[in-house]
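The structure file target_18.cif is reproduced below (mmCIF, C-alpha atoms, pLDDT in the B column; chains and numbers go by the auth columns).
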```
data_work
loop_
_atom_site.group_PDB
_atom_site.id
_atom_site.type_symbol
_atom_site.label_atom_id
_atom_site.label_comp_id
_atom_site.label_asym_id
_atom_site.label_seq_id
_atom_site.Cartn_x
_atom_site.Cartn_y
_atom_site.Cartn_z
_atom_site.B_iso_or_equiv
_atom_site.auth_seq_id
_atom_site.auth_asym_id
ATOM 1 C CA MET A 1 17.798 -2.751 13.111 83.00 1003 A
ATOM 2 C CA ILE A 2 14.828 -3.477 10.836 87.00 1004 A
ATOM 3 C CA ILE A 3 15.479 -4.339 7.197 92.00 1005 A
ATOM 4 C CA ALA A 4 12.666 -4.654 4.658 92.00 1006 A
ATOM 5 C CA ILE A 5 13.186 -6.519 1.388 94.00 1007 A
ATOM 6 C CA CYS A 6 10.665 -6.123 -1.407 93.00 1008 A
ATOM 7 C CA ASP A 7 10.975 -8.314 -4.521 92.00 1009 A
ATOM 8 C CA ASP A 8 8.345 -10.197 -6.509 91.00 1010 A
ATOM 9 C CA ASN A 9 10.867 -12.964 -7.281 91.00 1011 A
ATOM 10 C CA GLU A 10 10.805 -15.332 -4.299 92.00 1012 A
ATOM 11 C CA LYS A 11 14.198 -16.861 -5.100 92.00 1013 A
ATOM 12 C CA GLU A 12 15.967 -13.508 -5.352 91.00 1014 A
ATOM 13 C CA LEU A 13 14.206 -12.202 -2.264 93.00 1015 A
ATOM 14 C CA GLU A 14 15.473 -15.164 -0.210 93.00 1016 A
ATOM 15 C CA GLN A 15 18.945 -14.872 -1.699 92.00 1017 A
ATOM 16 C CA CYS A 16 19.138 -11.196 -0.704 93.00 1018 A
ATOM 17 C CA LYS A 17 17.954 -12.060 2.803 94.00 1019 A
ATOM 18 C CA LYS A 18 20.616 -14.776 3.195 94.00 1020 A
ATOM 19 C CA GLN A 19 23.373 -12.441 2.053 94.00 1021 A
ATOM 20 C CA LEU A 20 22.270 -9.779 4.493 95.00 1022 A
ATOM 21 C CA GLU A 21 21.920 -12.291 7.350 95.00 1023 A
ATOM 22 C CA LEU A 22 25.486 -13.430 6.769 95.00 1024 A
ATOM 23 C CA LEU A 23 26.824 -9.866 6.692 95.00 1025 A
ATOM 24 C CA ALA A 24 24.858 -8.928 9.807 93.00 1026 A
ATOM 25 C CA SER A 25 26.330 -11.938 11.604 93.00 1027 A
ATOM 26 C CA ILE A 26 29.893 -11.136 10.503 94.00 1028 A
ATOM 27 C CA HIS A 27 29.624 -7.488 11.562 94.00 1029 A
ATOM 28 C CA GLN A 28 27.562 -8.227 14.700 90.00 1030 A
ATOM 29 C CA VAL A 29 24.578 -6.143 13.639 89.00 1031 A
ATOM 30 C CA ASP A 30 21.255 -7.163 15.206 84.00 1032 A
ATOM 31 C CA VAL A 31 18.677 -7.298 12.427 88.00 1033 A
ATOM 32 C CA VAL A 32 15.026 -8.209 11.969 86.00 1034 A
ATOM 33 C CA PHE A 33 13.702 -8.793 8.463 90.00 1035 A
ATOM 34 C CA SER A 34 10.334 -7.907 6.929 89.00 1036 A
ATOM 35 C CA LEU A 35 9.717 -9.511 3.537 93.00 1037 A
ATOM 36 C CA TYR A 36 7.330 -8.211 0.867 93.00 1038 A
ATOM 37 C CA HIS A 37 6.459 -9.554 -2.564 93.00 1039 A
ATOM 38 C CA LYS A 38 4.755 -6.443 -3.950 92.00 1040 A
ATOM 39 C CA GLY A 39 5.313 -2.720 -3.671 90.00 1041 A
ATOM 40 C CA GLU A 40 1.663 -2.234 -2.788 93.00 1042 A
ATOM 41 C CA GLU A 41 2.063 -4.651 0.123 91.00 1043 A
ATOM 42 C CA LEU A 42 5.009 -2.664 1.478 89.00 1044 A
ATOM 43 C CA LEU A 43 3.164 0.656 1.164 89.00 1045 A
ATOM 44 C CA PHE A 44 0.033 -0.710 2.819 88.00 1046 A
ATOM 45 C CA ARG A 45 2.049 -2.003 5.766 84.00 1047 A
ATOM 46 C CA LEU A 46 3.829 1.307 6.303 82.00 1048 A
ATOM 47 C CA GLN A 47 1.105 3.777 5.385 77.00 1049 A
ATOM 48 C CA GLY A 48 0.512 6.414 8.040 61.00 1050 A
ATOM 49 C CA ASP A 49 2.784 4.810 10.637 60.00 1051 A
ATOM 50 C CA HIS A 50 6.172 6.525 10.733 62.00 1052 A
ATOM 51 C CA LYS A 51 7.256 4.453 13.734 60.00 1053 A
ATOM 52 C CA SER A 52 7.044 1.273 11.672 69.00 1054 A
ATOM 53 C CA TYR A 53 9.379 2.445 8.922 82.00 1055 A
ATOM 54 C CA PRO A 54 12.291 0.025 8.467 87.00 1056 A
ATOM 55 C CA ASP A 55 15.809 1.336 8.939 89.00 1057 A
ATOM 56 C CA ILE A 56 16.863 -0.006 5.529 93.00 1058 A
ATOM 57 C CA ILE A 57 14.750 -0.986 2.519 93.00 1059 A
ATOM 58 C CA TYR A 58 16.085 -3.212 -0.274 94.00 1060 A
ATOM 59 C CA LEU A 59 13.705 -2.511 -3.116 91.00 1061 A
ATOM 60 C CA ASP A 60 13.477 -4.254 -6.476 89.00 1062 A
ATOM 61 C CA MET A 61 13.134 -1.695 -9.256 86.00 1063 A
ATOM 62 C CA ARG A 62 10.963 -3.734 -11.616 84.00 1064 A
ATOM 63 C CA MET A 63 8.069 -5.736 -10.152 84.00 1065 A
ATOM 64 C CA ASN A 64 4.601 -6.837 -11.108 87.00 1066 A
ATOM 65 C CA GLY A 65 2.206 -4.053 -10.237 86.00 1067 A
ATOM 66 C CA MET A 66 3.728 -0.906 -8.755 87.00 1068 A
ATOM 67 C CA GLN A 67 7.352 -0.382 -9.741 84.00 1069 A
ATOM 68 C CA GLY A 68 10.137 0.192 -7.216 84.00 1070 A
ATOM 69 C CA ASP A 69 10.791 3.797 -8.161 86.00 1071 A
ATOM 70 C CA GLU A 70 7.113 4.659 -7.697 90.00 1072 A
ATOM 71 C CA VAL A 71 7.060 2.898 -4.326 89.00 1073 A
ATOM 72 C CA ALA A 72 10.129 4.887 -3.258 88.00 1074 A
ATOM 73 C CA ARG A 73 8.572 8.203 -4.339 88.00 1075 A
ATOM 74 C CA LYS A 74 5.423 7.479 -2.342 90.00 1076 A
ATOM 75 C CA LEU A 75 7.448 6.532 0.720 87.00 1077 A
ATOM 76 C CA ARG A 76 9.491 9.721 0.515 86.00 1078 A
ATOM 77 C CA SER A 77 6.347 11.813 0.089 86.00 1079 A
ATOM 78 C CA GLN A 78 5.057 10.294 3.343 84.00 1080 A
ATOM 79 C CA GLY A 79 8.199 11.400 5.171 82.00 1081 A
ATOM 80 C CA CYS A 80 10.043 8.077 5.110 82.00 1082 A
ATOM 81 C CA ILE A 81 13.744 8.559 5.910 84.00 1083 A
ATOM 82 C CA SER A 82 14.727 4.897 5.593 87.00 1084 A
ATOM 83 C CA GLU A 83 17.897 4.106 3.692 90.00 1085 A
ATOM 84 C CA ILE A 84 16.769 2.767 0.301 91.00 1086 A
ATOM 85 C CA VAL A 85 18.919 0.401 -1.756 92.00 1087 A
ATOM 86 C CA PHE A 86 17.565 -0.463 -5.183 89.00 1088 A
ATOM 87 C CA PHE A 87 18.457 -3.834 -6.632 86.00 1089 A
ATOM 88 C CA THR A 88 17.524 -4.764 -10.187 82.00 1090 A
ATOM 89 C CA VAL A 89 18.687 -6.512 -13.356 79.00 1091 A
ATOM 90 C CA SER A 90 18.997 -3.245 -15.248 70.00 1092 A
ATOM 91 C CA LYS A 91 21.520 -0.396 -15.140 69.00 1093 A
ATOM 92 C CA ASP A 92 19.056 2.037 -16.694 68.00 1094 A
ATOM 93 C CA PHE A 93 17.604 3.559 -13.544 64.00 1095 A
ATOM 94 C CA TYR A 94 20.491 5.330 -11.817 64.00 1096 A
ATOM 95 C CA THR A 95 18.856 8.736 -12.340 68.00 1097 A
ATOM 96 C CA THR A 96 15.654 7.558 -10.705 70.00 1098 A
ATOM 97 C CA ALA A 97 17.635 6.357 -7.713 67.00 1099 A
ATOM 98 C CA PHE A 98 19.089 9.829 -7.239 71.00 1100 A
ATOM 99 C CA ASP A 99 15.635 11.393 -7.533 73.00 1101 A
ATOM 100 C CA VAL A 100 14.406 9.545 -4.427 79.00 1102 A
ATOM 101 C CA LYS A 101 17.675 9.929 -2.494 81.00 1103 A
ATOM 102 C CA ALA A 102 18.496 6.232 -2.574 81.00 1104 A
ATOM 103 C CA LEU A 103 21.691 5.224 -0.807 80.00 1105 A
ATOM 104 C CA HIS A 104 22.856 2.957 -3.619 87.00 1106 A
ATOM 105 C CA TYR A 105 21.983 0.781 -6.558 83.00 1107 A
ATOM 106 C CA VAL A 106 22.703 -2.975 -6.794 84.00 1108 A
ATOM 107 C CA VAL A 107 22.674 -4.724 -10.162 84.00 1109 A
ATOM 108 C CA LYS A 108 21.655 -8.351 -9.733 85.00 1110 A
ATOM 109 C CA GLY A 109 24.266 -10.790 -10.974 83.00 1111 A
ATOM 110 C CA GLU A 110 26.870 -8.043 -11.489 87.00 1112 A
ATOM 111 C CA THR A 111 27.461 -6.278 -8.192 85.00 1113 A
ATOM 112 C CA THR A 112 30.336 -8.078 -6.452 90.00 1114 A
ATOM 113 C CA VAL A 113 30.055 -9.666 -3.032 91.00 1115 A
ATOM 114 C CA GLU A 114 32.549 -7.107 -1.735 93.00 1116 A
ATOM 115 C CA LYS A 115 30.535 -4.190 -3.121 92.00 1117 A
ATOM 116 C CA PHE A 116 27.306 -5.626 -1.726 92.00 1118 A
ATOM 117 C CA GLU A 117 28.953 -5.767 1.695 94.00 1119 A
ATOM 118 C CA ASP A 118 30.259 -2.207 1.343 93.00 1120 A
ATOM 119 C CA ILE A 119 26.774 -0.920 0.496 91.00 1121 A
ATOM 120 C CA PHE A 120 25.273 -2.763 3.467 94.00 1122 A
ATOM 121 C CA MET A 121 27.816 -1.311 5.886 94.00 1123 A
ATOM 122 C CA ARG A 122 27.292 2.202 4.493 92.00 1124 A
ATOM 123 C CA ALA A 123 23.565 1.793 5.126 92.00 1125 A
ATOM 124 C CA VAL A 124 24.186 0.522 8.660 92.00 1126 A
ATOM 125 C CA LYS A 125 26.516 3.428 9.434 90.00 1127 A
ATOM 126 C CA SER A 126 23.988 5.945 8.117 88.00 1128 A
ATOM 127 C CA VAL A 127 21.213 4.442 10.253 88.00 1129 A
ATOM 128 C CA GLN A 128 23.402 4.501 13.355 84.00 1130 A
ATOM 129 C CA GLU A 129 24.254 8.159 12.757 81.00 1131 A
ATOM 130 C CA LYS A 130 20.560 9.015 12.463 80.00 1132 A
ATOM 131 C CA GLN A 131 19.863 7.293 15.753 74.00 1133 A
ATOM 132 C CA THR A 132 22.540 9.261 17.570 76.00 1134 A
ATOM 133 C CA GLU A 133 21.512 12.597 19.055 82.00 1135 A
ATOM 134 C CA TYR A 134 23.938 15.509 19.152 83.00 1136 A
ATOM 135 C CA ILE A 135 24.128 19.001 20.576 87.00 1137 A
ATOM 136 C CA MET A 136 25.847 21.674 18.491 82.00 1138 A
ATOM 137 C CA CYS A 137 28.094 24.111 20.379 86.00 1139 A
ATOM 138 C CA THR A 138 30.011 27.135 19.068 82.00 1140 A
ATOM 139 C CA GLY A 139 32.615 29.006 21.082 80.00 1141 A
ATOM 140 C CA ALA A 140 35.655 31.189 20.304 75.00 1142 A
ATOM 141 C CA GLY A 141 35.259 30.538 16.593 74.00 1143 A
ATOM 142 C CA GLU A 142 35.251 26.764 17.075 79.00 1144 A
ATOM 143 C CA PHE A 143 32.339 24.419 16.383 79.00 1145 A
ATOM 144 C CA ARG A 144 31.707 21.161 18.248 84.00 1146 A
ATOM 145 C CA LYS A 145 29.175 18.432 17.481 83.00 1147 A
ATOM 146 C CA ILE A 146 28.894 16.524 20.768 90.00 1148 A
ATOM 147 C CA GLU A 147 27.119 13.203 21.230 88.00 1149 A
ATOM 148 C CA ILE A 148 24.550 13.732 23.994 91.00 1150 A
ATOM 149 C CA LYS A 149 24.931 10.286 25.563 89.00 1151 A
ATOM 150 C CA LYS A 150 28.618 11.043 26.242 92.00 1152 A
ATOM 151 C CA ILE A 151 27.896 14.221 28.228 96.00 1153 A
ATOM 152 C CA HIS A 152 28.350 14.082 32.018 97.00 1154 A
ATOM 153 C CA TYR A 153 27.327 17.613 32.964 98.00 1155 A
ATOM 154 C CA PHE A 154 27.264 21.331 32.148 97.00 1156 A
ATOM 155 C CA GLU A 155 28.684 24.080 34.326 97.00 1157 A
ATOM 156 C CA VAL A 156 28.085 27.815 33.862 96.00 1158 A
ATOM 157 C CA THR A 157 30.289 30.688 35.026 94.00 1159 A
ATOM 158 C CA LYS A 158 29.272 34.222 34.014 86.00 1160 A
ATOM 159 C CA ARG A 159 27.365 33.074 30.886 85.00 1161 A
ATOM 160 C CA ILE A 160 30.190 30.822 29.777 93.00 1162 A
ATOM 161 C CA VAL A 161 28.931 27.237 29.746 95.00 1163 A
ATOM 162 C CA THR A 162 31.404 24.362 29.879 96.00 1164 A
ATOM 163 C CA VAL A 163 30.243 20.920 28.803 96.00 1165 A
ATOM 164 C CA TYR A 164 32.112 17.907 30.184 97.00 1166 A
ATOM 165 C CA TYR A 165 31.885 14.819 28.012 95.00 1167 A
ATOM 166 C CA GLY A 166 33.977 11.677 27.868 90.00 1168 A
ATOM 167 C CA SER A 167 37.465 12.839 28.823 91.00 1169 A
ATOM 168 C CA ASP A 168 37.039 16.201 27.087 93.00 1170 A
ATOM 169 C CA GLN A 169 35.398 19.561 27.708 94.00 1171 A
ATOM 170 C CA PHE A 170 34.325 22.573 25.654 94.00 1172 A
ATOM 171 C CA SER A 171 33.242 26.097 26.580 94.00 1173 A
ATOM 172 C CA PHE A 172 30.723 28.302 24.774 92.00 1174 A
ATOM 173 C CA TYR A 173 28.354 31.235 25.411 90.00 1175 A
ATOM 174 C CA SER A 174 24.833 30.329 26.530 89.00 1176 A
ATOM 175 C CA THR A 175 22.702 30.151 29.672 91.00 1177 A
ATOM 176 C CA ILE A 176 22.185 27.182 31.957 92.00 1178 A
ATOM 177 C CA GLY A 177 18.432 27.732 31.630 92.00 1179 A
ATOM 178 C CA LYS A 178 18.559 27.153 27.883 91.00 1180 A
ATOM 179 C CA ILE A 179 20.661 24.032 28.391 93.00 1181 A
ATOM 180 C CA GLU A 180 18.180 22.701 30.959 93.00 1182 A
ATOM 181 C CA LEU A 181 15.225 23.141 28.602 92.00 1183 A
ATOM 182 C CA ARG A 182 17.091 21.758 25.604 88.00 1184 A
ATOM 183 C CA LEU A 183 18.218 18.554 27.332 92.00 1185 A
ATOM 184 C CA LYS A 184 15.472 17.767 29.843 89.00 1186 A
ATOM 185 C CA GLU A 185 13.920 15.195 27.514 85.00 1187 A
ATOM 186 C CA TYR A 186 17.298 13.476 27.205 89.00 1188 A
ATOM 187 C CA GLY A 187 17.555 12.698 30.904 91.00 1189 A
ATOM 188 C CA PHE A 188 19.328 15.776 32.279 95.00 1190 A
ATOM 189 C CA VAL A 189 18.420 17.439 35.555 96.00 1191 A
ATOM 190 C CA ARG A 190 19.207 20.793 37.179 96.00 1192 A
ATOM 191 C CA ILE A 191 20.991 20.298 40.523 97.00 1193 A
ATOM 192 C CA HIS A 192 22.228 23.822 41.191 97.00 1194 A
ATOM 193 C CA LYS A 193 22.014 27.296 39.697 96.00 1195 A
ATOM 194 C CA SER A 194 25.269 26.506 37.898 96.00 1196 A
ATOM 195 C CA TYR A 195 24.921 22.804 36.995 97.00 1197 A
ATOM 196 C CA VAL A 196 22.843 20.549 34.753 97.00 1198 A
ATOM 197 C CA VAL A 197 23.760 16.866 35.009 97.00 1199 A
ATOM 198 C CA ALA A 198 22.974 13.630 33.143 96.00 1200 A
ATOM 199 C CA LYS A 199 20.925 11.397 35.453 95.00 1201 A
ATOM 200 C CA SER A 200 22.697 8.340 34.071 92.00 1202 A
ATOM 201 C CA HIS A 201 25.995 9.585 35.530 95.00 1203 A
ATOM 202 C CA ILE A 202 24.704 10.379 39.033 95.00 1204 A
ATOM 203 C CA GLY A 203 25.907 7.857 41.588 93.00 1205 A
ATOM 204 C CA THR A 204 24.817 9.101 45.013 94.00 1206 A
ATOM 205 C CA ILE A 205 22.867 12.105 46.289 94.00 1207 A
ATOM 206 C CA SER A 206 22.961 13.983 49.551 93.00 1208 A
ATOM 207 C CA PHE A 207 21.446 17.265 50.652 92.00 1209 A
ATOM 208 C CA LYS A 208 24.638 19.144 49.795 94.00 1210 A
ATOM 209 C CA GLU A 209 26.206 17.266 46.859 96.00 1211 A
ATOM 210 C CA ILE A 210 26.065 14.495 44.294 96.00 1212 A
ATOM 211 C CA VAL A 211 28.830 12.074 43.373 97.00 1213 A
ATOM 212 C CA LEU A 212 29.137 11.133 39.724 96.00 1214 A
ATOM 213 C CA ASP A 213 30.166 7.708 38.464 93.00 1215 A
ATOM 214 C CA THR A 214 33.471 9.351 37.553 92.00 1216 A
ATOM 215 C CA GLY A 215 34.083 10.179 41.219 94.00 1217 A
ATOM 216 C CA GLU A 216 33.560 13.912 40.728 96.00 1218 A
ATOM 217 C CA ARG A 217 31.562 15.780 43.370 96.00 1219 A
ATOM 218 C CA LEU A 218 29.181 18.591 42.433 97.00 1220 A
ATOM 219 C CA PRO A 219 27.208 20.882 44.770 97.00 1221 A
ATOM 220 C CA VAL A 220 23.434 20.574 45.102 97.00 1222 A
ATOM 221 C CA GLY A 221 21.499 23.813 45.529 95.00 1223 A
ATOM 222 C CA ARG A 222 19.026 23.827 48.427 94.00 1224 A
ATOM 223 C CA TYR A 223 16.279 25.037 46.083 94.00 1225 A
ATOM 224 C CA TYR A 224 16.859 22.071 43.698 96.00 1226 A
ATOM 225 C CA TYR A 225 17.268 19.195 46.158 96.00 1227 A
ATOM 226 C CA ALA A 226 13.624 18.081 46.480 94.00 1228 A
ATOM 227 C CA GLU A 227 13.017 18.054 42.723 94.00 1229 A
ATOM 228 C CA LEU A 228 16.352 16.319 42.103 95.00 1230 A
ATOM 229 C CA LYS A 229 15.485 13.592 44.595 94.00 1231 A
ATOM 230 C CA ARG A 230 12.035 13.091 43.067 93.00 1232 A
ATOM 231 C CA GLU A 231 13.386 12.892 39.523 91.00 1233 A
ATOM 232 C CA MET A 232 16.110 10.424 40.500 92.00 1234 A
ATOM 233 C CA GLU A 233 13.562 8.212 42.262 90.00 1235 A
ATOM 234 C CA GLU A 234 11.451 8.175 39.099 87.00 1236 A
ATOM 235 C CA TYR A 235 14.553 7.516 37.011 85.00 1237 A
ATOM 236 C CA ALA A 236 15.494 4.563 39.253 83.00 1238 A
ATOM 237 C CA GLU A 237 12.014 3.094 38.781 77.00 1239 A
ATOM 238 C CA THR A 238 12.282 3.238 35.005 68.00 1240 A
ATOM 239 C CA ARG A 239 15.675 1.484 35.178 62.00 1241 A
ATOM 240 C CA LYS A 240 14.375 -1.494 37.130 52.00 1242 A
ATOM 241 C CA VAL A 241 14.332 -4.757 35.244 39.00 1243 A
ATOM 242 C CA VAL A 242 10.887 -6.308 35.338 33.00 1244 A
#
```
As structure tokens, please, write out the structure in this file.
Amino acid sequence: MIIAICDDNEKELEQCKKQLELLASIHQVDVVFSLYHKGEELLFRLQGDHKSYPDIIYLDMRMNGMQGDEVARKLRSQGCISEIVFFTVSKDFYTTAFDVKALHYVVKGETTVEKFEDIFMRAVKSVQEKQTEYIMCTGAGEFRKIEIKKIHYFEVTKRIVTVYYGSDQFSFYSTIGKIELRLKEYGFVRIHKSYVVAKSHIGTISFKEIVLDTGERLPVGRYYYAELKREMEEYAETRKVV
């Protein structure tokens, strides 16, 4: 997790970093810090490169040069979705914080250690949720938000698709073709006219069936075998440790 801290006061910048390092250690959160002394420096570093956006930004509200609220507005206008936590000596800027969808607002010298920790953990949780991909399924008036990495496979019977994930399952109306297209980029492969399976859960393959890491056996369609074998060979290559 990347955390940027921007403050023109070197002492307060280092103090914030030490507090966050301690909390990250206590809660076993892997963090890398990027430190900035001016808002302009932060903007220049991130300009035009969405992949370099930090996960969390601790941003001083009042600095020499560009002010924190202006920095935050520019970041948001560029599409930045980082969690922003303002920290400042003044309580007068709560409204501004809401305007740029900041997660929270820390008042230097007043916010308690406990509250500082709570804000940090809220930011961490929000980042983790953003990094988790889900598929939304609706069936029989019920809605499920299912974490993709927990899914083992999908099975279709007469347009009713059943998704098997963790120790649970859920059925909904769709087509296996739509499921295949939707999840191909997430490491799923078609093995049969009725099955789409997560490559990460495939243990062994034969001409007639696969065995999952759960011990379940699923049929392999003759039409799909060659492509399945090729994709699993490529998948195995990407999993090798160099």
Hey, can you check how far CA of Ser1169 (chain A) sits from CA of Arg1124 (chain A)? 28.4 Å
In terms of all atoms listed in the file, the residue from A:Leu1230, A:Leu1022, A:Ile1005, A:Val1102 at minimal distance from Ser1208 (chain A) is A:Leu1230
When the PyMOL selection byres ((chain A and resi 1123) around 12) is applied to the file above, which residues end up in the set, as a list of chain:residue names? A:Leu1022, A:Leu1025, A:Ala1026, A:Ile1028, A:His1029, A:Gln1030, A:Val1031, A:Ile1058, A:Glu1085, A:Val1087, A:Leu1105, A:His1106, A:Glu1116, A:Lys1117, A:Phe1118, A:Glu1119, A:Asp1120, A:Ile1121, A:Phe1122, A:Arg1124, A:Ala1125, A:Val1126, A:Lys1127, A:Ser1128, A:Val1129, A:Gln1130
Please produce an output containing C-alpha atoms for each residue in the selection, written as a tab-separated table (two decimals), keeping the file's coordinate frame.
```tsv
chain	number	residue	atom	x	y	z
A	1022	LEU	CA	22.27	-9.78	4.49
A	1025	LEU	CA	26.82	-9.87	6.69
A	1026	ALA	CA	24.86	-8.93	9.81
A	1028	ILE	CA	29.89	-11.14	10.50
A	1029	HIS	CA	29.62	-7.49	11.56
A	1030	GLN	CA	27.56	-8.23	14.70
A	1031	VAL	CA	24.58	-6.14	13.64
A	1058	ILE	CA	16.86	-0.01	5.53
A	1085	GLU	CA	17.90	4.11	3.69
A	1087	VAL	CA	18.92	0.40	-1.76
A	1105	LEU	CA	21.69	5.22	-0.81
A	1106	HIS	CA	22.86	2.96	-3.62
A	1116	GLU	CA	32.55	-7.11	-1.74
A	1117	LYS	CA	30.54	-4.19	-3.12
A	1118	PHE	CA	27.31	-5.63	-1.73
A	1119	GLU	CA	28.95	-5.77	1.70
A	1120	ASP	CA	30.26	-2.21	1.34
A	1121	ILE	CA	26.77	-0.92	0.50
A	1122	PHE	CA	25.27	-2.76	3.47
A	1124	ARG	CA	27.29	2.20	4.49
A	1125	ALA	CA	23.56	1.79	5.13
A	1126	VAL	CA	24.19	0.52	8.66
A	1127	LYS	CA	26.52	3.43	9.43
A	1128	SER	CA	23.99	5.94	8.12
A	1129	VAL	CA	21.21	4.44	10.25
A	1130	GLN	CA	23.40	4.50	13.36
```
List as number ranges by chain the protein and nucleic acid residues near region 1162-1167 of chain A, meaning an atom at most 12 Å away when all atoms listed in the file are counted, but skip any in the same chain fewer than 3 places from it. A: 1136-1142, 1146-1159, 1170-1182, 1196-1200, 1203, 1216, 1218
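Taking CA of Gln1080 (chain A) and CA of Gly1067 (chain A) as the two end points, the separation is 20.0 Å.
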Because the input lacks atoms here, generate N, CA, C and O atoms for region 1210-1224 of chain A and report them as a tab-separated table (two decimals), in the frame of the given file.
```
chain	number	residue	atom	x	y	z
A	1210	LYS	N	23.68	18.11	50.19
A	1210	LYS	CA	24.64	19.14	49.80
A	1210	LYS	C	25.37	18.86	48.49
A	1210	LYS	O	25.89	19.79	47.86
A	1211	GLU	N	25.42	17.57	48.06
A	1211	GLU	CA	26.21	17.27	46.86
A	1211	GLU	C	25.78	15.96	46.22
A	1211	GLU	O	25.06	15.15	46.82
A	1212	ILE	N	26.21	15.79	44.96
A	1212	ILE	CA	26.06	14.50	44.29
A	1212	ILE	C	27.47	13.99	43.97
A	1212	ILE	O	28.42	14.77	43.86
A	1213	VAL	N	27.57	12.68	43.81
A	1213	VAL	CA	28.83	12.07	43.37
A	1213	VAL	C	28.56	11.38	42.05
A	1213	VAL	O	27.64	10.54	41.95
A	1214	LEU	N	29.31	11.74	41.04
A	1214	LEU	CA	29.14	11.13	39.72
A	1214	LEU	C	29.83	9.77	39.66
A	1214	LEU	O	30.67	9.45	40.51
A	1215	ASP	N	29.50	9.00	38.63
A	1215	ASP	CA	30.17	7.71	38.46
A	1215	ASP	C	31.64	7.86	38.12
A	1215	ASP	O	32.40	6.88	38.14
A	1216	THR	N	32.06	9.08	37.82
A	1216	THR	CA	33.47	9.35	37.55
A	1216	THR	C	34.22	9.67	38.85
A	1216	THR	O	35.45	9.82	38.84
A	1217	GLY	N	33.47	9.82	39.95
A	1217	GLY	CA	34.08	10.18	41.22
A	1217	GLY	C	34.03	11.67	41.51
A	1217	GLY	O	34.34	12.11	42.63
A	1218	GLU	N	33.65	12.46	40.53
A	1218	GLU	CA	33.56	13.91	40.73
A	1218	GLU	C	32.40	14.25	41.66
A	1218	GLU	O	31.35	13.61	41.62
A	1219	ARG	N	32.60	15.31	42.45
A	1219	ARG	CA	31.56	15.78	43.37
A	1219	ARG	C	31.08	17.16	42.92
A	1219	ARG	O	31.89	18.04	42.65
A	1220	LEU	N	29.76	17.32	42.85
A	1220	LEU	CA	29.18	18.59	42.43
A	1220	LEU	C	28.20	19.06	43.49
A	1220	LEU	O	27.49	18.24	44.10
A	1221	PRO	N	28.11	20.36	43.73
A	1221	PRO	CA	27.21	20.88	44.77
A	1221	PRO	C	25.74	20.79	44.35
A	1221	PRO	O	25.41	20.90	43.17
A	1222	VAL	N	24.88	20.57	45.32
A	1222	VAL	CA	23.43	20.57	45.10
A	1222	VAL	C	22.86	21.83	45.76
A	1222	VAL	O	23.10	22.09	46.94
A	1223	GLY	N	22.13	22.61	44.98
A	1223	GLY	CA	21.50	23.81	45.53
A	1223	GLY	C	20.30	23.45	46.39
A	1223	GLY	O	19.54	22.55	46.05
A	1224	ARG	N	20.13	24.13	47.51
A	1224	ARG	CA	19.03	23.83	48.43
A	1224	ARG	C	17.68	23.90	47.71
A	1224	ARG	O	16.78	23.08	47.95
```
